[in-house]
Amino acid sequence: MASPEIEALTQALSRLPGFGPRSARRAVLHLLKKRETTLDPLLAALSAVSQKLTTCHICGNVDTHDPCAICADPRRDDRSLCVVEEVADLWALDRARLFPGRFHVLGGKLSALDGVRPEDLRIDALVRRVGAGGIDEVVLAMNATLEGQTTAHYVSERLEAFPIRVTQLAHGLPVGGELDYLDEGTLAQALRARRPVA
Ligand SMILES: [Zn+2]
């Protein structure tokens with residue numbers, strides 16, 4: 001029997017994606033045995049992130065700074081903007097520097113089933129961003145789900161009035177596939193073969 005504190009730690013870890021009760025127990029045991037090399041650095045890192053965690057007011061990314069590291073990076077191409085559903089999609093595309101421009105996170109996708117309306121997403125913020133000028137191309141990188149494609153269609157209509165190119169990722173993404181689970185080669189190919197929104 002573990003103490004309540006250790007039990008609480010195990011339970012907290014077991015709620016993380018990729019963890020179950022057994023792997024959480026193994027991780028806790030490892031943390032307790034290797035306190036100096038794992039527990040203490042983990043505690044320091046968690047505390048530092050927790051104190052500074054914020055949402056970027058420009059793109060919607062989560063980071064420890066606002067603007068986030070991507071928005072603050074002067075080497076990025078201001079003229080191209082990649083629109084994604086979730087922060088996880090942004091991180092997947094940014095993992096291997098696949099996209100050289102800036103990002104915009106909608107915070108979800110339109111869904112009649114789940115009652116997600118345009119005003120629940122960061123679509124107005126996107127329109128304002130494009131309206132401010134300086135952007136030549138918006139790449140819609142929605143998931144290849146029905147809701148993802150409905151969202152892409154809606155967003156492209158909202159951007160119709162602007163003198164910009166609106167493209168979307170090439171087909172070939174698995175139906176229902178989440179960007180985050182695709183390997184970098186597939187992502188790079190989908191980006192290279194992007195096409196104008198019909
Ligand atoms: Zn940002």
# chains A, B, ... in the order shown; residues from 1 in each chain; ligands from 1

call {"tool": "residues_around", "arguments": {"residues": "A:Asp73", "least_positions_apart": "5", "cutoff": "10 Å", "atoms": "only C-alpha atoms", "output": "list in words"}}
result
Pro67, Cys68 and Arg102 of chain A

call {"tool": "residues_near_ligand", "arguments": {"ligand": "ligand 1", "cutoff": "10 Å", "atoms": "only C-alpha atoms and all ligand atoms", "output": "PyMOL selection string"}}
result
chain A and resi 55-63+65-73+102-105

call {"tool": "write_last_selection", "arguments": {"atoms": "N, CA and C atoms", "output": "CSV table (one decimal), in the first residue's frame"}}
result
chain,number,residue,atom,x,y,z
A,55,THR,N,-1.9,31.7,-23.2
A,55,THR,CA,-2.3,31.5,-24.6
A,55,THR,C,-1.9,32.7,-25.4
A,56,CYS,N,-1.3,32.5,-26.5
A,56,CYS,CA,-0.8,33.6,-27.4
A,56,CYS,C,-2.0,34.3,-27.9
A,57,HIS,N,-2.0,35.7,-27.7
A,57,HIS,CA,-3.2,36.4,-28.2
A,57,HIS,C,-3.2,36.6,-29.7
A,58,ILE,N,-2.1,36.3,-30.4
A,58,ILE,CA,-2.1,36.5,-31.8
A,58,ILE,C,-2.6,35.2,-32.5
A,59,CYS,N,-2.0,34.1,-32.1
A,59,CYS,CA,-2.3,32.8,-32.9
A,59,CYS,C,-3.0,31.8,-32.1
A,60,GLY,N,-3.1,31.9,-30.8
A,60,GLY,CA,-3.9,30.9,-30.0
A,60,GLY,C,-3.1,29.7,-29.6
A,61,ASN,N,-1.8,29.7,-29.8
A,61,ASN,CA,-0.9,28.7,-29.4
A,61,ASN,C,-0.7,28.8,-27.8
A,62,VAL,N,-0.4,27.7,-27.2
A,62,VAL,CA,-0.1,27.7,-25.8
A,62,VAL,C,1.4,27.7,-25.6
A,63,ASP,N,1.9,28.6,-24.7
A,63,ASP,CA,3.3,28.8,-24.6
A,63,ASP,C,3.6,29.4,-23.2
A,65,HIS,N,5.2,32.3,-23.1
A,65,HIS,CA,5.3,33.7,-23.4
A,65,HIS,C,4.1,34.1,-24.3
A,66,ASP,N,3.7,35.4,-24.3
A,66,ASP,CA,2.7,35.9,-25.1
A,66,ASP,C,3.2,37.2,-25.7
A,67,PRO,N,3.5,37.4,-27.0
A,67,PRO,CA,3.3,36.4,-28.1
A,67,PRO,C,4.2,35.2,-27.9
A,68,CYS,N,3.8,34.1,-28.5
A,68,CYS,CA,4.5,32.8,-28.4
A,68,CYS,C,5.8,32.8,-29.2
A,69,ALA,N,6.6,31.8,-29.0
A,69,ALA,CA,7.9,31.7,-29.7
A,69,ALA,C,7.8,31.8,-31.2
A,70,ILE,N,6.7,31.2,-31.8
A,70,ILE,CA,6.5,31.3,-33.2
A,70,ILE,C,6.2,32.7,-33.7
A,71,CYS,N,5.2,33.3,-33.0
A,71,CYS,CA,4.8,34.7,-33.4
A,71,CYS,C,6.0,35.7,-33.2
A,72,ALA,N,6.8,35.4,-32.2
A,72,ALA,CA,7.9,36.3,-31.9
A,72,ALA,C,9.2,36.1,-32.8
A,73,ASP,N,9.2,35.0,-33.5
A,73,ASP,CA,10.4,34.6,-34.3
A,73,ASP,C,10.4,35.5,-35.6
A,102,ARG,N,3.6,31.7,-40.5
A,102,ARG,CA,2.9,31.8,-39.2
A,102,ARG,C,1.8,30.9,-39.1
A,103,PHE,N,1.2,30.8,-37.9
A,103,PHE,CA,0.1,29.9,-37.6
A,103,PHE,C,-1.1,30.6,-37.0
A,104,HIS,N,-2.3,30.0,-37.2
A,104,HIS,CA,-3.5,30.5,-36.5
A,104,HIS,C,-4.3,29.3,-36.0
A,105,VAL,N,-4.5,29.2,-34.7
A,105,VAL,CA,-5.3,28.1,-34.1
A,105,VAL,C,-6.7,28.4,-33.9

call {"tool": "select_by_dssp", "arguments": {"residues": "stretch 123-182 of chain A", "states": "helix (DSSP H, G or I)", "output": "PyMOL selection string"}}
result
chain A and resi 123-131+146-158+179-181

call {"tool": "residues_around", "arguments": {"residues": "A:Pro163", "least_positions_apart": "5", "cutoff": "10 Å", "atoms": "only C-alpha atoms", "output": "number ranges by chain"}}
result
A: 130-131, 133, 135-137

call {"tool": "write_last_selection", "arguments": {"atoms": "N, CA and C atoms", "output": "CSV table (one decimal), in the first residue's frame"}}
result
chain,number,residue,atom,x,y,z
A,130,VAL,N,-6.1,38.7,-41.2
A,130,VAL,CA,-6.0,38.7,-42.7
A,130,VAL,C,-6.3,40.1,-43.2
A,131,GLY,N,-7.3,40.7,-42.6
A,131,GLY,CA,-7.8,42.1,-43.0
A,131,GLY,C,-6.7,43.1,-42.7
A,133,GLY,N,-3.8,43.0,-43.4
A,133,GLY,CA,-2.9,43.0,-44.6
A,133,GLY,C,-1.5,42.4,-44.4
A,135,ILE,N,-0.6,39.5,-45.7
A,135,ILE,CA,-0.6,38.1,-45.9
A,135,ILE,C,-1.0,37.8,-47.4
A,136,ASP,N,-0.2,36.9,-48.0
A,136,ASP,CA,-0.5,36.5,-49.4
A,136,ASP,C,-1.2,35.2,-49.5
A,137,GLU,N,-0.9,34.3,-48.6
A,137,GLU,CA,-1.5,33.0,-48.7
A,137,GLU,C,-2.0,32.5,-47.3

call {"tool": "atom_distance", "arguments": {"atom1": "atom CA of A:His153", "atom2": "atom CA of A:Leu169"}}
result
12.5 Å

call {"tool": "residues_around", "arguments": {"residues": "A:His30", "least_positions_apart": "6", "cutoff": "10 Å", "atoms": "only C-alpha atoms", "output": "list in words"}}
result
Ala24, Thr38 and Leu39 of chain A

call {"tool": "write_last_selection", "arguments": {"atoms": "C-alpha atoms", "output": "compact mmCIF listing (two decimals), in the first residue's frame"}}
result
# COMPACT_ATOMS: atom_id res chain seq x y z
CA ALA A 24 1.78 5.36 -14.02
CA THR A 38 14.10 12.61 -12.57
CA LEU A 39 11.80 13.79 -9.75

call {"tool": "closest_residue", "arguments": {"among": "A:Glu147, A:Pro41, A:Tyr154, A:Thr167", "to": "A:Asp114", "atoms": "only C-alpha atoms"}}
result
A:Glu147

call {"tool": "decode", "arguments": {"residues": "stretch 122-169 of chain A", "atoms": "N, CA and C atoms", "output": "short mmCIF file (atom, residue, chain, number, x, y, z; two decimals), in the first residue's frame"}}
result
data_model
loop_
_atom_site.label_atom_id
_atom_site.label_comp_id
_atom_site.auth_asym_id
_atom_site.auth_seq_id
_atom_site.Cartn_x
_atom_site.Cartn_y
_atom_site.Cartn_z
N ARG A 122 -11.90 30.74 -33.16
CA ARG A 122 -11.17 32.00 -33.36
C ARG A 122 -11.17 32.39 -34.85
N ILE A 123 -12.38 32.40 -35.43
CA ILE A 123 -12.50 32.71 -36.86
C ILE A 123 -12.52 34.23 -37.09
N ASP A 124 -13.25 34.96 -36.25
CA ASP A 124 -13.25 36.43 -36.38
C ASP A 124 -11.83 36.98 -36.22
N ALA A 125 -11.09 36.39 -35.28
CA ALA A 125 -9.71 36.83 -35.06
C ALA A 125 -8.87 36.58 -36.31
N LEU A 126 -9.14 35.46 -36.99
CA LEU A 126 -8.43 35.15 -38.23
C LEU A 126 -8.76 36.18 -39.32
N VAL A 127 -10.05 36.49 -39.46
CA VAL A 127 -10.48 37.46 -40.48
C VAL A 127 -9.84 38.83 -40.20
N ARG A 128 -9.79 39.22 -38.93
CA ARG A 128 -9.15 40.49 -38.57
C ARG A 128 -7.66 40.46 -38.92
N ARG A 129 -7.04 39.32 -38.66
CA ARG A 129 -5.60 39.18 -38.93
C ARG A 129 -5.32 39.32 -40.42
N VAL A 130 -6.13 38.65 -41.23
CA VAL A 130 -5.95 38.72 -42.68
C VAL A 130 -6.29 40.14 -43.16
N GLY A 131 -7.34 40.73 -42.57
CA GLY A 131 -7.77 42.07 -42.96
C GLY A 131 -6.72 43.13 -42.66
N ALA A 132 -5.85 42.87 -41.71
CA ALA A 132 -4.80 43.83 -41.37
C ALA A 132 -3.76 43.93 -42.48
N GLY A 133 -3.76 42.96 -43.41
CA GLY A 133 -2.88 43.03 -44.56
C GLY A 133 -1.54 42.36 -44.35
N GLY A 134 -0.77 42.26 -45.45
CA GLY A 134 0.57 41.67 -45.37
C GLY A 134 0.61 40.17 -45.55
N ILE A 135 -0.57 39.54 -45.74
CA ILE A 135 -0.62 38.09 -45.92
C ILE A 135 -0.99 37.77 -47.37
N ASP A 136 -0.20 36.90 -48.02
CA ASP A 136 -0.46 36.53 -49.41
C ASP A 136 -1.23 35.21 -49.52
N GLU A 137 -0.93 34.29 -48.61
CA GLU A 137 -1.53 32.97 -48.71
C GLU A 137 -1.97 32.46 -47.34
N VAL A 138 -3.19 31.89 -47.31
CA VAL A 138 -3.67 31.21 -46.11
C VAL A 138 -3.82 29.72 -46.46
N VAL A 139 -3.11 28.89 -45.72
CA VAL A 139 -3.19 27.44 -45.93
C VAL A 139 -4.12 26.84 -44.88
N LEU A 140 -5.21 26.23 -45.35
CA LEU A 140 -6.15 25.61 -44.41
C LEU A 140 -5.70 24.17 -44.16
N ALA A 141 -5.24 23.90 -42.96
CA ALA A 141 -4.72 22.57 -42.62
C ALA A 141 -5.65 21.89 -41.63
N MET A 142 -6.91 21.74 -42.05
CA MET A 142 -7.88 21.06 -41.19
C MET A 142 -7.72 19.55 -41.34
N ASN A 143 -8.17 18.83 -40.35
CA ASN A 143 -8.15 17.37 -40.43
C ASN A 143 -9.10 16.92 -41.54
N ALA A 144 -8.82 15.73 -42.07
CA ALA A 144 -9.60 15.22 -43.21
C ALA A 144 -10.91 14.57 -42.75
N THR A 145 -11.51 15.13 -41.71
CA THR A 145 -12.81 14.65 -41.25
C THR A 145 -13.90 15.50 -41.91
N LEU A 146 -15.14 15.02 -41.86
CA LEU A 146 -16.25 15.79 -42.42
C LEU A 146 -16.32 17.17 -41.75
N GLU A 147 -16.21 17.18 -40.42
CA GLU A 147 -16.28 18.45 -39.69
C GLU A 147 -15.09 19.35 -40.00
N GLY A 148 -13.91 18.74 -40.16
CA GLY A 148 -12.72 19.51 -40.52
C GLY A 148 -12.90 20.18 -41.87
N GLN A 149 -13.46 19.44 -42.83
CA GLN A 149 -13.64 19.97 -44.17
C GLN A 149 -14.77 21.02 -44.21
N THR A 150 -15.82 20.81 -43.41
CA THR A 150 -16.88 21.81 -43.29
C THR A 150 -16.30 23.12 -42.75
N THR A 151 -15.43 22.99 -41.77
CA THR A 151 -14.78 24.16 -41.17
C THR A 151 -13.92 24.88 -42.21
N ALA A 152 -13.14 24.10 -42.99
CA ALA A 152 -12.27 24.69 -44.02
C ALA A 152 -13.11 25.45 -45.04
N HIS A 153 -14.24 24.86 -45.43
CA HIS A 153 -15.12 25.49 -46.40
C HIS A 153 -15.66 26.82 -45.84
N TYR A 154 -16.11 26.79 -44.60
CA TYR A 154 -16.66 27.99 -43.98
C TYR A 154 -15.59 29.08 -43.90
N VAL A 155 -14.40 28.71 -43.45
CA VAL A 155 -13.32 29.69 -43.29
C VAL A 155 -12.94 30.29 -44.64
N SER A 156 -12.89 29.44 -45.69
CA SER A 156 -12.52 29.96 -47.02
C SER A 156 -13.57 30.96 -47.51
N GLU A 157 -14.84 30.72 -47.19
CA GLU A 157 -15.89 31.68 -47.56
C GLU A 157 -15.71 33.02 -46.84
N ARG A 158 -15.33 32.93 -45.58
CA ARG A 158 -15.12 34.17 -44.81
C ARG A 158 -13.93 34.97 -45.33
N LEU A 159 -13.00 34.27 -46.03
CA LEU A 159 -11.79 34.96 -46.52
C LEU A 159 -11.90 35.37 -47.99
N GLU A 160 -13.07 35.07 -48.58
CA GLU A 160 -13.27 35.28 -50.01
C GLU A 160 -13.02 36.72 -50.46
N ALA A 161 -13.37 37.67 -49.60
CA ALA A 161 -13.31 39.08 -49.99
C ALA A 161 -11.88 39.61 -50.07
N PHE A 162 -10.92 38.86 -49.51
CA PHE A 162 -9.55 39.39 -49.47
C PHE A 162 -8.74 38.96 -50.70
N PRO A 163 -7.84 39.82 -51.17
CA PRO A 163 -7.01 39.49 -52.35
C PRO A 163 -5.85 38.57 -51.98
N ILE A 164 -6.16 37.37 -51.52
CA ILE A 164 -5.12 36.43 -51.10
C ILE A 164 -5.40 35.07 -51.73
N ARG A 165 -4.38 34.20 -51.70
CA ARG A 165 -4.58 32.83 -52.13
C ARG A 165 -5.01 32.00 -50.92
N VAL A 166 -6.09 31.24 -51.08
CA VAL A 166 -6.49 30.33 -50.00
C VAL A 166 -6.32 28.90 -50.51
N THR A 167 -5.45 28.15 -49.85
CA THR A 167 -5.18 26.78 -50.28
C THR A 167 -5.52 25.82 -49.15
N GLN A 168 -5.58 24.53 -49.49
CA GLN A 168 -5.74 23.56 -48.41
C GLN A 168 -4.84 22.37 -48.67
N LEU A 169 -4.59 21.63 -47.61
CA LEU A 169 -3.71 20.47 -47.71
C LEU A 169 -4.23 19.52 -48.76
#
